[in-house]
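What follows is a single structure, written as structure tokens, with notes after it.
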Amino acid sequence: MSQSTRETERKYEVPAPGGFPRLSGLTGEGDGTSLVDAGTHDLDAVYYDTTDLRLTRSAATLRRRTGGSDAGWHLKLPLADDSREEIRAPLQEEIPDELRELALSRTRGARLEPVVRIRSHRTVRDLVDADGARVAEIVLDQVAADSLRPEGGHTAWTELEVELVEDGDPALLKRVDKALGKEGFARLRTPSKLARALTETAPDKETLPDTGPAPDRPADVTAGSAGDHVLAYVSEQVRTIVDLDPAVRRGLPDAVHRMRVACRRLRSCLRSYRSLFDREVTDPLREELKWLGGELGVERDQEVLSDRLREGVAKLPPELVLGPVSARLQAWDATRSSAARERSLAALSSPRYVTLLESLNRLTTHPPLRSKASRKPAKALPRAILKEHDRLAGRIERARRMPPGPERDAALHHARKGAKRLRYAAEAARPALGTSALAQHVKAVQKALGDHHDSVVAREDLRRQAVAAHAAGEPGFTWGLLYGQEQATAADRERELPQLWERASRRRLRKALRS
């Protein structure tokens, strides 16, 4: 069973002649901060990666370490700024299956093998506040690294790490950084011991081609071009899918939703700006993204529906909740959520998903751009946005002409999908065209249409719940009341739609694109 912690740390080069910093600029400020000796440890870690270093290049590491208080397997995944998430599993000989799966979006199924052995003699001192509470750990590591790759070598260095306690104040890092700077300690540029070891033990100590996230712009993409801007958006969505994979597997809050949205954004972008890409490559990719979004969508849709129905019941006065309404909802949700969860995990464990990950990687590293992609953004991007706007306008107009009923509901849902495409097209063009206002106006349209659709779905399920309750001899009053409230919500959203759509009108759109 794995455990997860968030670590926030900075690494520093140790100036000659070496040794632990005094940190007098920090501990002498009169706030009671002091350093406390916390002993020494001898650590021995073997790092694993693919032959082409896919983990390292995505700023992730996997190691098996002995010694110290946290011996075991550690998978580190990048977070924002100086933070990483460390997922730990108990010590065993082989890579734990759980960690292998959590690394899959980065390894794309490639074999993991030992690449570097790093041994460290660690001296630890705790930074404590006036109450004696530990606020950070400062360690001096004397490091010896041996490459386990062909023709690899040996290297050694000394470095200093400053790590906040979990949920520590990031402002403390700035104070420590300032104090260390006065003593000649400089921030290290390498993101990890592994990255430094790989660079310094490579033949002729060559610099690793890339030890961070993949660049947004491949060498053959013209800087500042329409293709450059769209590809930056595409790369952002691909990174989001890769980064969220471990969170989805672990069932973290909102992970399924965010990964599904990234699939939609990417698929929509490839559709709206399809004239910039070789469609023989991107059209099949759009279909695969549709498949993945659909598999994740079952779990996400159940989350949305369950939350909506529970909130509806919670808002009712107790005297209007007749019968075992909450118990029925709980049993219904448990059954549906379990099946939906299994479906999401099955999709992420399938060969089809691994193939999709390979295709997404190639999309960003070898983008199939056409000659049109080299045009200036002001020439190529507005046309795609205007086309999406016109499609959406047609859908909204057709829906509004229909009489109330299932066909109108379906047409409004179709319009909602068009609103998403327009919004995502505007998002992709925002750095070049400044389409933030347009994206916000269209988001409001999408939100109203989304609430309308959620109401339609909720009413269908409320009716089924009422029928089941009636068959069991339970009161149907509360289900009917909730049904009526959902009808009112849908009517409200339809009344709001004309005004919301006017704010995103073509006249305003053209004005925004010209400016």
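How things are named: the first chain in the structure tokens is A, the next is B, and so on; residues count from 1 in each chain; ligands count from 1 in the order shown.
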
For this session: Assign secondary structure with DSSP using the backbone only, and return the residues of range 269-388 of chain A in alpha helix (DSSP H) as a PyMOL selection string.
Result: chain A and resi 269-272+279-315+325-348+351-365+377-388

Now that the selection is made, can you save its residues with C-alpha atoms as a PDB file, in the first residue's frame?
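What landed in again-v8.pdb:
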ATOM      1  CA  CYS A 269      -8.409  22.381 -30.959  1.00  0.00           C
ATOM      2  CA  LEU A 270      -7.389  19.801 -33.547  1.00  0.00           C
ATOM      3  CA  ARG A 271     -10.832  20.159 -35.115  1.00  0.00           C
ATOM      4  CA  SER A 272     -11.088  23.970 -35.095  1.00  0.00           C
ATOM      5  CA  ARG A 279      -5.625  15.458 -41.043  1.00  0.00           C
ATOM      6  CA  GLU A 280      -4.484  11.951 -41.910  1.00  0.00           C
ATOM      7  CA  VAL A 281      -2.627  12.155 -38.597  1.00  0.00           C
ATOM      8  CA  THR A 282      -4.959  14.274 -36.461  1.00  0.00           C
ATOM      9  CA  ASP A 283      -8.376  12.900 -37.472  1.00  0.00           C
ATOM     10  CA  PRO A 284      -7.655   9.388 -36.116  1.00  0.00           C
ATOM     11  CA  LEU A 285      -6.148  11.014 -33.039  1.00  0.00           C
ATOM     12  CA  ARG A 286      -9.356  12.979 -32.471  1.00  0.00           C
ATOM     13  CA  GLU A 287     -11.306   9.737 -32.562  1.00  0.00           C
ATOM     14  CA  GLU A 288      -9.036   8.188 -29.945  1.00  0.00           C
ATOM     15  CA  LEU A 289      -9.406  11.255 -27.720  1.00  0.00           C
ATOM     16  CA  LYS A 290     -13.164  10.940 -28.128  1.00  0.00           C
ATOM     17  CA  TRP A 291     -12.915   7.325 -26.970  1.00  0.00           C
ATOM     18  CA  LEU A 292     -10.845   8.214 -23.891  1.00  0.00           C
ATOM     19  CA  GLY A 293     -13.092  11.138 -22.995  1.00  0.00           C
ATOM     20  CA  GLY A 294     -16.102   8.865 -23.316  1.00  0.00           C
ATOM     21  CA  GLU A 295     -14.634   6.236 -20.998  1.00  0.00           C
ATOM     22  CA  LEU A 296     -13.747   8.846 -18.383  1.00  0.00           C
ATOM     23  CA  GLY A 297     -17.074  10.557 -18.935  1.00  0.00           C
ATOM     24  CA  VAL A 298     -19.077   7.724 -17.392  1.00  0.00           C
ATOM     25  CA  GLU A 299     -17.385   8.263 -14.031  1.00  0.00           C
ATOM     26  CA  ARG A 300     -17.498  12.056 -14.294  1.00  0.00           C
ATOM     27  CA  ASP A 301     -21.158  12.160 -15.336  1.00  0.00           C
ATOM     28  CA  GLN A 302     -22.056   9.995 -12.357  1.00  0.00           C
ATOM     29  CA  GLU A 303     -20.141  12.354 -10.054  1.00  0.00           C
ATOM     30  CA  VAL A 304     -22.028  15.367 -11.426  1.00  0.00           C
ATOM     31  CA  LEU A 305     -25.434  13.690 -11.273  1.00  0.00           C
ATOM     32  CA  SER A 306     -24.916  12.295  -7.789  1.00  0.00           C
ATOM     33  CA  ASP A 307     -23.741  15.660  -6.430  1.00  0.00           C
ATOM     34  CA  ARG A 308     -26.677  17.427  -8.062  1.00  0.00           C
ATOM     35  CA  LEU A 309     -29.291  15.095  -6.618  1.00  0.00           C
ATOM     36  CA  ARG A 310     -27.726  15.061  -3.150  1.00  0.00           C
ATOM     37  CA  GLU A 311     -27.536  18.863  -3.087  1.00  0.00           C
ATOM     38  CA  GLY A 312     -31.161  19.050  -4.208  1.00  0.00           C
ATOM     39  CA  VAL A 313     -32.249  16.865  -1.317  1.00  0.00           C
ATOM     40  CA  ALA A 314     -30.044  18.733   1.180  1.00  0.00           C
ATOM     41  CA  LYS A 315     -31.644  22.064   0.276  1.00  0.00           C
ATOM     42  CA  VAL A 325     -34.665   9.290  -0.078  1.00  0.00           C
ATOM     43  CA  SER A 326     -31.029   9.684   1.024  1.00  0.00           C
ATOM     44  CA  ALA A 327     -30.600   5.947   1.589  1.00  0.00           C
ATOM     45  CA  ARG A 328     -31.953   5.189  -1.881  1.00  0.00           C
ATOM     46  CA  LEU A 329     -29.605   7.754  -3.439  1.00  0.00           C
ATOM     47  CA  GLN A 330     -26.649   6.321  -1.542  1.00  0.00           C
ATOM     48  CA  ALA A 331     -27.316   2.762  -2.695  1.00  0.00           C
ATOM     49  CA  TRP A 332     -27.896   3.901  -6.281  1.00  0.00           C
ATOM     50  CA  ASP A 333     -24.689   5.945  -6.323  1.00  0.00           C
ATOM     51  CA  ALA A 334     -22.558   3.174  -4.818  1.00  0.00           C
ATOM     52  CA  THR A 335     -23.562   0.745  -7.557  1.00  0.00           C
ATOM     53  CA  ARG A 336     -23.199   3.197 -10.430  1.00  0.00           C
ATOM     54  CA  SER A 337     -19.967   4.797  -9.173  1.00  0.00           C
ATOM     55  CA  SER A 338     -18.235   1.460  -8.696  1.00  0.00           C
ATOM     56  CA  ALA A 339     -18.993   0.347 -12.251  1.00  0.00           C
ATOM     57  CA  ALA A 340     -17.951   3.739 -13.645  1.00  0.00           C
ATOM     58  CA  ARG A 341     -14.697   3.671 -11.699  1.00  0.00           C
ATOM     59  CA  GLU A 342     -13.831   0.240 -13.045  1.00  0.00           C
ATOM     60  CA  ARG A 343     -14.457   1.496 -16.555  1.00  0.00           C
ATOM     61  CA  SER A 344     -12.056   4.439 -16.131  1.00  0.00           C
ATOM     62  CA  LEU A 345      -9.301   2.217 -14.748  1.00  0.00           C
ATOM     63  CA  ALA A 346      -9.829  -0.358 -17.488  1.00  0.00           C
ATOM     64  CA  ALA A 347      -9.375   2.345 -20.122  1.00  0.00           C
ATOM     65  CA  LEU A 348      -6.106   3.572 -18.547  1.00  0.00           C
ATOM     66  CA  PRO A 351      -3.116  -1.189 -24.892  1.00  0.00           C
ATOM     67  CA  ARG A 352      -5.303   1.292 -26.765  1.00  0.00           C
ATOM     68  CA  TYR A 353      -4.509   3.960 -24.177  1.00  0.00           C
ATOM     69  CA  VAL A 354      -0.758   3.298 -24.380  1.00  0.00           C
ATOM     70  CA  THR A 355      -0.963   3.666 -28.160  1.00  0.00           C
ATOM     71  CA  LEU A 356      -2.778   6.965 -27.682  1.00  0.00           C
ATOM     72  CA  LEU A 357      -0.040   8.195 -25.340  1.00  0.00           C
ATOM     73  CA  GLU A 358       2.566   7.383 -27.993  1.00  0.00           C
ATOM     74  CA  SER A 359       0.545   9.274 -30.592  1.00  0.00           C
ATOM     75  CA  LEU A 360       0.200  12.296 -28.310  1.00  0.00           C
ATOM     76  CA  ASN A 361       3.929  12.319 -27.652  1.00  0.00           C
ATOM     77  CA  ARG A 362       4.655  12.242 -31.364  1.00  0.00           C
ATOM     78  CA  LEU A 363       2.085  14.989 -31.959  1.00  0.00           C
ATOM     79  CA  THR A 364       4.110  17.372 -29.784  1.00  0.00           C
ATOM     80  CA  THR A 365       7.625  16.265 -30.727  1.00  0.00           C
ATOM     81  CA  PRO A 377      -1.681  34.317 -36.288  1.00  0.00           C
ATOM     82  CA  ALA A 378      -3.738  37.336 -37.364  1.00  0.00           C
ATOM     83  CA  LYS A 379      -4.184  35.720 -40.785  1.00  0.00           C
ATOM     84  CA  ALA A 380      -4.904  32.106 -39.864  1.00  0.00           C
ATOM     85  CA  LEU A 381      -6.574  32.045 -36.444  1.00  0.00           C
ATOM     86  CA  PRO A 382      -9.534  34.475 -36.716  1.00  0.00           C
ATOM     87  CA  ARG A 383     -11.032  32.543 -39.640  1.00  0.00           C
ATOM     88  CA  ALA A 384     -11.246  29.356 -37.569  1.00  0.00           C
ATOM     89  CA  ILE A 385     -12.830  31.221 -34.648  1.00  0.00           C
ATOM     90  CA  LEU A 386     -15.424  32.885 -36.897  1.00  0.00           C
ATOM     91  CA  LYS A 387     -16.349  29.531 -38.418  1.00  0.00           C
ATOM     92  CA  GLU A 388     -16.913  28.019 -34.971  1.00  0.00           C
TER      93      GLU A 388
END

Problem set entry | Spatial neighbours of Arg400 in chain A, max dist 10 Å, only C-alpha atoms, sep filter under 5 positions, as a ChimeraX atom specification | /A:395,408-409,411-412,494,497-498

Could you write those residues out with N, CA and C atoms, as a short mmCIF file (atom, residue, chain, number, x, y, z; two decimals), in the first residue's frame?
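Once written, selection01.cif looks like this:
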data_model
loop_
_atom_site.label_atom_id
_atom_site.label_comp_id
_atom_site.auth_asym_id
_atom_site.auth_seq_id
_atom_site.Cartn_x
_atom_site.Cartn_y
_atom_site.Cartn_z
N ARG A 395 -26.73 26.53 -34.52
CA ARG A 395 -27.27 25.54 -33.59
C ARG A 395 -28.22 26.19 -32.58
N ARG A 408 -35.90 19.57 -28.64
CA ARG A 408 -35.32 20.87 -28.29
C ARG A 408 -34.20 20.69 -27.27
N ASP A 409 -34.42 19.81 -26.29
CA ASP A 409 -33.37 19.54 -25.30
C ASP A 409 -32.11 19.01 -25.97
N ALA A 411 -31.21 19.49 -29.07
CA ALA A 411 -30.62 20.55 -29.89
C ALA A 411 -29.83 21.53 -29.02
N LEU A 412 -30.32 21.84 -27.84
CA LEU A 412 -29.59 22.72 -26.94
C LEU A 412 -28.30 22.05 -26.45
N GLU A 494 -33.00 28.63 -20.16
CA GLU A 494 -33.44 28.98 -21.51
C GLU A 494 -33.78 30.46 -21.61
N LEU A 497 -30.53 32.49 -21.95
CA LEU A 497 -29.69 32.23 -23.11
C LEU A 497 -29.60 33.39 -24.10
N PRO A 498 -30.71 34.04 -24.52
CA PRO A 498 -30.60 35.10 -25.52
C PRO A 498 -29.65 36.23 -25.10
#

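Residues lying within 12 Å of Glu460 in chain A, counting only C-alpha atoms and ignoring same-chain neighbours fewer than 2 positions away, are Leu305, Leu309, Pro406, His453, Asp454, Ser455, Val456, Val457, Ala458, Leu462, Arg463, Arg464, Gln465, Ala466, Val467, Trp479, Gly480, Leu482, Tyr483, Gly484, Glu486 and Gln487 of chain A.
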
For this session: Select, from A:Thr489, A:Gln142, A:Thr190, A:Ser34, the residue with the minimum atom-to-atom distance to Leu449 in chain A, counting only C-alpha atoms.
Result: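 Using only C-alpha atoms, the shortest distance to Leu449 in chain A belongs to A:Thr489.
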
Using only C-alpha atoms, tabulate the residues of range 230-263 of chain A lying at most 12 Å from any atom of range 59-78 of chain A, each with its closest atom pair and that distance in Å to one decimal, by chain and increasing residue number, as a tab-separated table.
residue	atom	partner	partner_atom	distance
A:Arg239	CA	A:Pro78	CA	11.5
A:Thr240	CA	A:Pro78	CA	11.9
A:Val242	CA	A:Leu77	CA	11.0
A:Asp243	CA	A:Leu77	CA	8.3
A:Leu244	CA	A:Leu77	CA	10.5
A:Asp245	CA	A:Leu77	CA	11.2
A:Pro246	CA	A:Leu77	CA	9.1
A:Ala247	CA	A:Leu77	CA	10.6

Exercise. Which one is closest to Ala179 in chain A: A:Thr155, A:Thr51, A:Thr199, A:Ser24? Count only C-alpha atoms.
Worked result: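 Selected residue with least distance to Ala179 in chain A: A:Ser24.
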
For this session: Take CA of Ala490 in chain A and CA of Leu266 in chain A and report the distance between them in Å, one decimal.
Result: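 Taking CA of Ala490 in chain A as the start and CA of Leu266 in chain A as the end point, the length is 29.2 Å.
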
For this session: Write out as a ChimeraX atom specification which residues come within 7 Å of Leu160 in chain A when counting only C-alpha atoms, dropping same-chain ones fewer than 4 positions away.
Result: /A:11-14,139-141

Problem set entry | Residues within 9 Å of Val162 in chain A, only C-alpha atoms, excluding chain neighbours under 6 positions, as number ranges by chain | A: 8-12, 136-139, 173, 176-177

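Computed from the coordinates, the CA of Lys420 in chain A to CA of Glu502 in chain A distance equals 16.6 Å.
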